[in-house]
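For reference, the structure discussed in these notes is given below.
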Amino acid sequence: MMLANLLGQMEWSYFWHGWVQFGGQAGTVGGALLVAALLTYFKKWTWLWREWLTTQDAKKIGVMYIVVATVMLLRGFGDAVMMKLQQAIASGHSSGFLDSEHFQQIFTAHGTIMIFFVAMGLMFGLINLVLPLMLGTRDVAFPTLNSISFYLYLAGVVLVNLSLVYGEFGAVGWLAYPPLSELAYSPGPGVDYWLWSIQIAGIGSTLSGINFLVTILKLRCKGMTFMKMPIFAWSVLGTMMLVVVVFPILTATLFMLSLDRAMGMHFFTADLGGNAMMYINLIWAWGHPEVYILVLPAFGMYSEIVATLSRKRLFGYTSMVWALMAITVLSFLVWAHHFFTMGAGGNVNAFFGIMTMVIAIPTGVKVFNWLFTMYKGRIEFMTPMWWFMAFVTTFLIGGATGVLLAVPAIDFQVHNSLFLVAHFHNTIISGVVFGYLGGIAYWFPKIFGFRLHERLGKAAVTCWVVGFLVTFIPIYILGFMGATRRLDHYDPSLGWQGLFIVSGIGTMIIGLGVVFQLLQIGVSIWKRHELRDQTGDPWDGRTLEWSVPSPAPHYNFARLPVVTTRDPFWEAKQQGTSLYPSEYTAFELPKNTGLGVLVGGFACVFGFAVIWHLWWLAAVAVAGVVFVLVRRTFDDVVEYEVSAAEAKRLDAHAGKAVV
Amino acid sequence: MSRLNTVSRAPLTLHSEQDFKPRPEPIRHAREHPLAGTGTSQSKVQLGFWIYLMTDCILFATLFATFMVLRGQTAGGVSGTEIFDLPYVFFETILLLLSSFASGLALLSAHARNKAATLSWLAVVGLFGAAFLGMELYEFHGLVAEGHNWKQSAFLSSYFGLVGTHGLHIFTGLVWLGASALYLKSRGFSRRFMTRLQLFTMFWHFLDLVWVGIFTIVYLLGVM
């Protein structure tokens, strides 16, 4: 009895589900053990702790985000492959290789992972890499908070992967609509894994939002007024405004669902007065802005890439700023288009339909601005530019189908069909993923000091675009033919199988693109001496990050720049002037700390404990977080000073000042 | 706000200088970096905390909205009119407001570098805060004992959810308060302490504000 209380709802049976699941378990545990073994064999644990895990350097935190997000991308992609394979074969007598319950867990995991742990991870990663450099500052506003945010994200990642090893994942779709996600219909720990992995990661996102907002508002270098900020910084400003407004809604909503599940409350249950529509409204009041949270930074990256690689000033800077801010505001006013069919009535639907169409206007402004930037520019067809062109052509289809879906009458016909699935993959893959991958290709040399291999990069872009079209054009067609989403079996008389098989082949082509990218990184590391970026300015860039040597030193700037124009580095190069004052001055940098690791670790334990109702362990974890945070307030010296002479020496060591 | 800034930037030569034992930490927050762009460390922390408070505000707004939607859903059970004891809650409210007032006095004493007074006022803050929390828990206990627990209806779920979340914030604040008092007792005043104390008072006033919302929307509207 005593032991049973200690173990909560844990049972041995949760270890075994079947051979397919065993593959996932073995892969996860094996992967973790392999990494641990390699670290031990090469005696790299201390190095890992000192150089990476405890770092307060935004660029290194950014790299860690991107590495973790990439691992999760592989897992999310694995889920996609399993679903595609199932749909290609599960027609008529063949029931495929996945049972319904497992298939549902897979699409839930796929959506959750791709949005929360891949797209969000890549986004925060890239912002960490670039934003402080672009703003001409040494770090983000709160470096330690930044590291805590990362470890909360990592705690979510660990929990979502733990669900693969022990237990199960929600079988409720990526937004877990109640009452299906309530205890009455989903009694296992799956929904709880879903809840707590994104709850913890989401709190990290809110903290990051605060951090980057303050960074932009308070830490811009001298002379950088708002209208002289790079467009990427503007896009991050818009995104972070959205993050701080909507992530608390997500936190509160998930909190209420977990109260329903853990304490028997009735916020969203089907009985005793609960209101499931409340959940659906709240989750989309977060969920729709979330789409823009992901895509705005990608728009910012495209803006930087297209201006630099067209050797022209960005066309229509002011209209770009207004378009970004308009999207930021409008994104709050469209959430109900996610449930036109749920009976809000004609007038409500008309309002949300029109607002949704209105968003196409600022987005159109942006597309034309990019095209006019290219017009008469001296375009360099490098990999980032390829990503941009892949985006602008395919995103157009996604935008057009979005306007289609915004018409409530049409939505009633195609809602819950594969047409919708094709639409949002079209916007997220073309808009978000291509943008982030382009951003990584563009800024990689700044962080690592060597370029990525060009031809492999272009091969990857080609495979991604072709694979994307071959995957999702058939899905659009299937949607029109009436195929619903989340389908694990269908009747052969419908004539769908051919298109499902074509779609599956498309996924394999995307897979080839992923292989090319992994290969690209491997080959680039191998040939890093050939690909070395000697100047710090491999693309003939326009913004501040290219004015420091590559790889960017951990303090970013030995002397803080002073800017007078919008494209400061470009102007300085044209006029032969310097962005930097001649005098060096002393500055402070944050000391490394393991606080983030501890907070994230306790948060992860807390999540696990609550999922399995191990209340004693949850209490221990909370006490742990409180203890380490209070302990931290007693650390009076959290920074160290770099003297002026030392700054000068470091600067000379990093390579001669470029300008 | 500007006054607080001025005070915390003033050189530490107030009458109770002997109270201030300088830590090994250099007083760097006061110094304007010659090339700092748009902000100092102090204003950075304040802005960040303001934004945090706004995120918390939205969290409460979500719970308030849910409460408003669900407050009529009593599932045949009790409604607010039957279970709320307005004088009791009013007394509770006064305790919290007094606690908040005391936190302002604690900050003033800290600006005067008066350690003993600061500690005493912090004790008052903690005492009233804890009394408020105790009364709230006693109210919860009474409801549960009478069978009106959070499992009975959506109304009760949203009531316990909203008021309980505020209570959880108060509890967090009390832990923060304890840590601050401990720091002050063992280390004395420092710039970092002053910043944190100021943030704490902001947090405490913010919780007052939320409570006024709860008092109005949950209790006053509830008994009408």
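Chain labels A, B, ... are given in the sequence in which chains occur in the structure tokens; within each chain residues are numbered consecutively from 1, and ligands are likewise numbered from 1 in the order shown.
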
Output the contact residues of chain A with respect to chain B at a cut-off of 8 Å, based on only C-alpha atoms, as JSON, numbers by chain. {"A": [141, 206, 207, 210, 211, 214, 217, 218, 219, 220, 221, 222, 223, 244, 245, 246, 248, 249, 251, 252, 253, 256, 263, 264, 265, 266, 267, 272, 273, 274, 275, 278, 282, 560, 630, 633, 634, 636, 637]}

Could you write out that same residue set with N, CA and C atoms as a CSV table (one decimal), in the first residue's frame?
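Output (out12.csv):
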```csv
chain,number,residue,atom,x,y,z
A,141,ALA,N,19.0,40.8,-22.8
A,141,ALA,CA,18.9,41.6,-21.6
A,141,ALA,C,19.1,40.8,-20.3
A,206,THR,N,7.4,32.0,-22.7
A,206,THR,CA,7.0,33.3,-22.2
A,206,THR,C,8.2,34.1,-21.6
A,207,LEU,N,9.1,33.4,-20.9
A,207,LEU,CA,10.2,34.0,-20.3
A,207,LEU,C,11.1,34.6,-21.5
A,210,ILE,N,9.7,37.8,-22.9
A,210,ILE,CA,10.1,39.0,-22.0
A,210,ILE,C,11.5,39.4,-22.3
A,211,ASN,N,12.4,38.4,-22.3
A,211,ASN,CA,13.8,38.7,-22.5
A,211,ASN,C,14.1,39.4,-23.8
A,214,VAL,N,12.7,43.1,-24.0
A,214,VAL,CA,13.5,44.0,-23.3
A,214,VAL,C,14.8,44.2,-24.0
A,217,LEU,N,14.0,46.6,-26.8
A,217,LEU,CA,13.6,47.9,-26.4
A,217,LEU,C,14.7,48.7,-25.7
A,218,LYS,N,15.6,47.9,-25.0
A,218,LYS,CA,16.6,48.6,-24.2
A,218,LYS,C,18.0,48.5,-24.6
A,219,LEU,N,18.4,47.5,-25.4
A,219,LEU,CA,19.8,47.3,-25.6
A,219,LEU,C,20.3,47.6,-27.0
A,220,ARG,N,19.5,48.3,-27.8
A,220,ARG,CA,20.0,48.7,-29.1
A,220,ARG,C,21.3,49.6,-29.0
A,221,CYS,N,22.2,49.4,-29.9
A,221,CYS,CA,23.4,50.2,-29.8
A,221,CYS,C,23.1,51.7,-30.1
A,222,LYS,N,24.1,52.5,-29.8
A,222,LYS,CA,23.9,54.0,-29.9
A,222,LYS,C,23.5,54.3,-31.4
A,223,GLY,N,22.5,55.1,-31.5
A,223,GLY,CA,22.2,55.6,-32.9
A,223,GLY,C,21.1,54.7,-33.6
A,244,VAL,N,4.4,37.2,-25.5
A,244,VAL,CA,4.0,37.6,-24.1
A,244,VAL,C,2.5,37.8,-24.0
A,245,VAL,N,1.8,38.0,-25.0
A,245,VAL,CA,0.4,38.2,-24.9
A,245,VAL,C,-0.3,36.8,-24.9
A,246,VAL,N,0.1,35.9,-25.8
A,246,VAL,CA,-0.7,34.7,-26.0
A,246,VAL,C,-0.2,33.5,-25.2
A,248,PRO,N,0.7,33.2,-22.1
A,248,PRO,CA,-0.1,33.1,-20.8
A,248,PRO,C,-1.4,32.5,-21.0
A,249,ILE,N,-2.1,32.7,-22.1
A,249,ILE,CA,-3.4,32.1,-22.3
A,249,ILE,C,-3.2,30.6,-22.5
A,251,THR,N,-0.8,28.8,-21.1
A,251,THR,CA,-0.5,28.3,-19.8
A,251,THR,C,-1.7,28.2,-19.0
A,252,ALA,N,-2.6,29.2,-19.0
A,252,ALA,CA,-3.8,29.1,-18.2
A,252,ALA,C,-4.7,28.0,-18.7
A,253,THR,N,-4.8,27.8,-20.0
A,253,THR,CA,-5.7,26.8,-20.5
A,253,THR,C,-5.3,25.4,-20.2
A,256,MET,N,-5.9,24.6,-16.6
A,256,MET,CA,-7.3,24.2,-16.3
A,256,MET,C,-7.6,22.8,-16.8
A,263,MET,N,-7.5,16.7,-10.7
A,263,MET,CA,-8.3,17.0,-9.5
A,263,MET,C,-9.8,16.8,-9.7
A,264,GLY,N,-10.2,16.3,-10.9
A,264,GLY,CA,-11.6,16.1,-11.1
A,264,GLY,C,-12.4,17.3,-11.2
A,265,MET,N,-11.8,18.4,-11.7
A,265,MET,CA,-12.6,19.6,-11.9
A,265,MET,C,-13.4,19.5,-13.2
A,266,HIS,N,-14.2,20.6,-13.5
A,266,HIS,CA,-15.1,20.5,-14.6
A,266,HIS,C,-15.1,21.8,-15.4
A,267,PHE,N,-13.9,22.2,-15.8
A,267,PHE,CA,-13.8,23.3,-16.7
A,267,PHE,C,-14.3,23.0,-18.1
A,272,LEU,N,-21.7,18.1,-15.7
A,272,LEU,CA,-21.6,19.1,-14.6
A,272,LEU,C,-21.3,20.5,-14.9
A,273,GLY,N,-21.7,20.9,-16.1
A,273,GLY,CA,-21.6,22.3,-16.5
A,273,GLY,C,-20.3,22.7,-17.2
A,274,GLY,N,-19.4,21.8,-17.4
A,274,GLY,CA,-18.2,22.1,-18.1
A,274,GLY,C,-18.4,22.6,-19.6
A,275,ASN,N,-17.5,23.4,-20.1
A,275,ASN,CA,-17.8,24.0,-21.4
A,275,ASN,C,-16.6,23.8,-22.3
A,278,MET,N,-15.2,26.6,-24.5
A,278,MET,CA,-14.4,27.6,-23.8
A,278,MET,C,-12.9,27.2,-24.1
A,282,LEU,N,-10.2,29.4,-26.2
A,282,LEU,CA,-8.9,29.8,-25.6
A,282,LEU,C,-7.7,29.3,-26.3
A,560,LEU,N,31.5,48.8,-28.7
A,560,LEU,CA,30.1,48.8,-29.1
A,560,LEU,C,30.0,49.7,-30.3
A,630,VAL,N,16.3,30.8,-4.8
A,630,VAL,CA,16.7,31.6,-3.6
A,630,VAL,C,18.2,31.6,-3.4
A,633,THR,N,19.8,34.2,-5.4
A,633,THR,CA,19.8,35.6,-5.0
A,633,THR,C,20.9,35.9,-4.0
A,634,PHE,N,21.5,34.9,-3.4
A,634,PHE,CA,22.7,35.2,-2.5
A,634,PHE,C,24.0,35.2,-3.3
A,636,ASP,N,26.2,37.3,-5.1
A,636,ASP,CA,26.3,38.7,-5.3
A,636,ASP,C,27.1,39.1,-6.6
A,637,VAL,N,28.0,38.2,-6.9
A,637,VAL,CA,28.9,38.5,-8.1
A,637,VAL,C,28.5,37.5,-9.2
```

Near-Phe255 of chain A list (9 Å; only C-alpha atoms; drop same-chain fewer than 5 positions) as JSON, numbers by chain: {"A": [195, 199, 250, 260]}

Which neighbours of Ser186 of chain A fall inside 12 Å, counting only C-alpha atoms, when residues of the same chain fewer than 2 positions from it are skipped, and could you give them as a ChimeraX atom specification? /A:101,105,168-172,176-184,188-194,260-261,269

Would you write out those residues with C-alpha atoms, as an mmCIF file, in the first residue's frame?
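Result file follows (selection_14.cif):
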```cif
data_model
loop_
_atom_site.group_PDB
_atom_site.id
_atom_site.type_symbol
_atom_site.label_atom_id
_atom_site.label_comp_id
_atom_site.auth_asym_id
_atom_site.auth_seq_id
_atom_site.Cartn_x
_atom_site.Cartn_y
_atom_site.Cartn_z
ATOM 1 C CA GLU A 101 -4.760 3.991 -31.382
ATOM 2 C CA GLN A 105 -0.683 8.904 -30.985
ATOM 3 C CA GLU A 168 2.057 6.528 -24.121
ATOM 4 C CA PHE A 169 1.332 9.820 -25.835
ATOM 5 C CA GLY A 170 -2.010 11.553 -26.214
ATOM 6 C CA ALA A 171 -4.220 10.183 -29.002
ATOM 7 C CA VAL A 172 -6.192 13.397 -29.215
ATOM 8 C CA ALA A 176 -6.203 17.946 -27.470
ATOM 9 C CA TYR A 177 -9.783 19.118 -27.719
ATOM 10 C CA PRO A 178 -11.930 18.225 -24.743
ATOM 11 C CA PRO A 179 -14.050 16.365 -23.871
ATOM 12 C CA LEU A 180 -11.981 13.729 -25.733
ATOM 13 C CA SER A 181 -8.865 14.823 -23.842
ATOM 14 C CA GLU A 182 -10.662 14.618 -20.487
ATOM 15 C CA LEU A 183 -10.094 11.796 -18.050
ATOM 16 C CA ALA A 184 -13.386 10.125 -18.965
ATOM 17 C CA GLY A 188 -4.067 6.965 -19.612
ATOM 18 C CA PRO A 189 -1.009 9.171 -19.046
ATOM 19 C CA GLY A 190 -0.783 10.129 -22.737
ATOM 20 C CA VAL A 191 -2.660 13.437 -22.515
ATOM 21 C CA ASP A 192 -0.724 14.287 -19.362
ATOM 22 C CA TYR A 193 2.563 13.815 -21.215
ATOM 23 C CA TRP A 194 1.198 16.149 -23.869
ATOM 24 C CA ASP A 260 -9.769 18.722 -14.784
ATOM 25 C CA ARG A 261 -7.634 15.644 -15.267
ATOM 26 C CA THR A 269 -15.829 18.234 -19.198
#
```

Long-range neighbours of Phe500 of chain A as a list in words, 8 Å cut-off, only C-alpha atoms, 4 positions minimum in chain: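 Here the answer would be Lys84, Gln87, Ala88, Pro474, Ile475, Trp496 and Gly504 of chain A.
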
Pull C-alpha atoms from the residues just selected and write them as a CSV table (one decimal), in the first residue's frame.
```csv
chain,number,residue,atom,x,y,z
A,84,LYS,CA,2.5,8.2,-44.9
A,87,GLN,CA,-1.9,5.6,-45.6
A,88,ALA,CA,-0.2,4.3,-48.7
A,474,PRO,CA,-2.0,15.1,-54.0
A,475,ILE,CA,-3.2,15.9,-50.4
A,496,TRP,CA,-7.6,7.3,-53.2
A,504,GLY,CA,4.3,9.0,-49.7
```

Mind pulling up the distance from atom CA of Ser303 of chain A to atom CA of Gly541 of chain A?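 Straight-line distance from atom CA of Gly541 of chain A to atom CA of Ser303 of chain A works out to 12.5 Å.
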
Just list the residues in segment 312-426 of chain A DSSP gives helix (DSSP H, G or I) on the backbone, as JSON, numbers by chain. {"A": [317, 318, 319, 320, 321, 322, 323, 324, 325, 326, 327, 328, 329, 330, 331, 332, 333, 335, 336, 337, 338, 339, 340, 341, 342, 346, 347, 348, 349, 350, 351, 352, 353, 354, 355, 356, 357, 358, 359, 360, 361, 362, 363, 364, 365, 366, 367, 368, 369, 370, 371, 372, 373, 374, 383, 384, 385, 386, 387, 388, 389, 390, 391, 392, 393, 394, 395, 396, 397, 398, 399, 400, 401, 402, 403, 404, 405, 406, 408, 409, 410, 411, 412, 413, 414, 418, 419, 420, 421, 422, 423, 424, 425, 426]}

Considering only C-alpha atoms, state which residue in the set A:Trp174, A:Tyr302, A:Trp443, A:Phe434 is at the smallest distance from Trp284 of chain A. A:Trp174

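Nearest residue to Ile94 of chain B among B:Phe200, B:Trp121, B:Phe215, B:Phe206 is B:Phe215, counting only C-alpha atoms.
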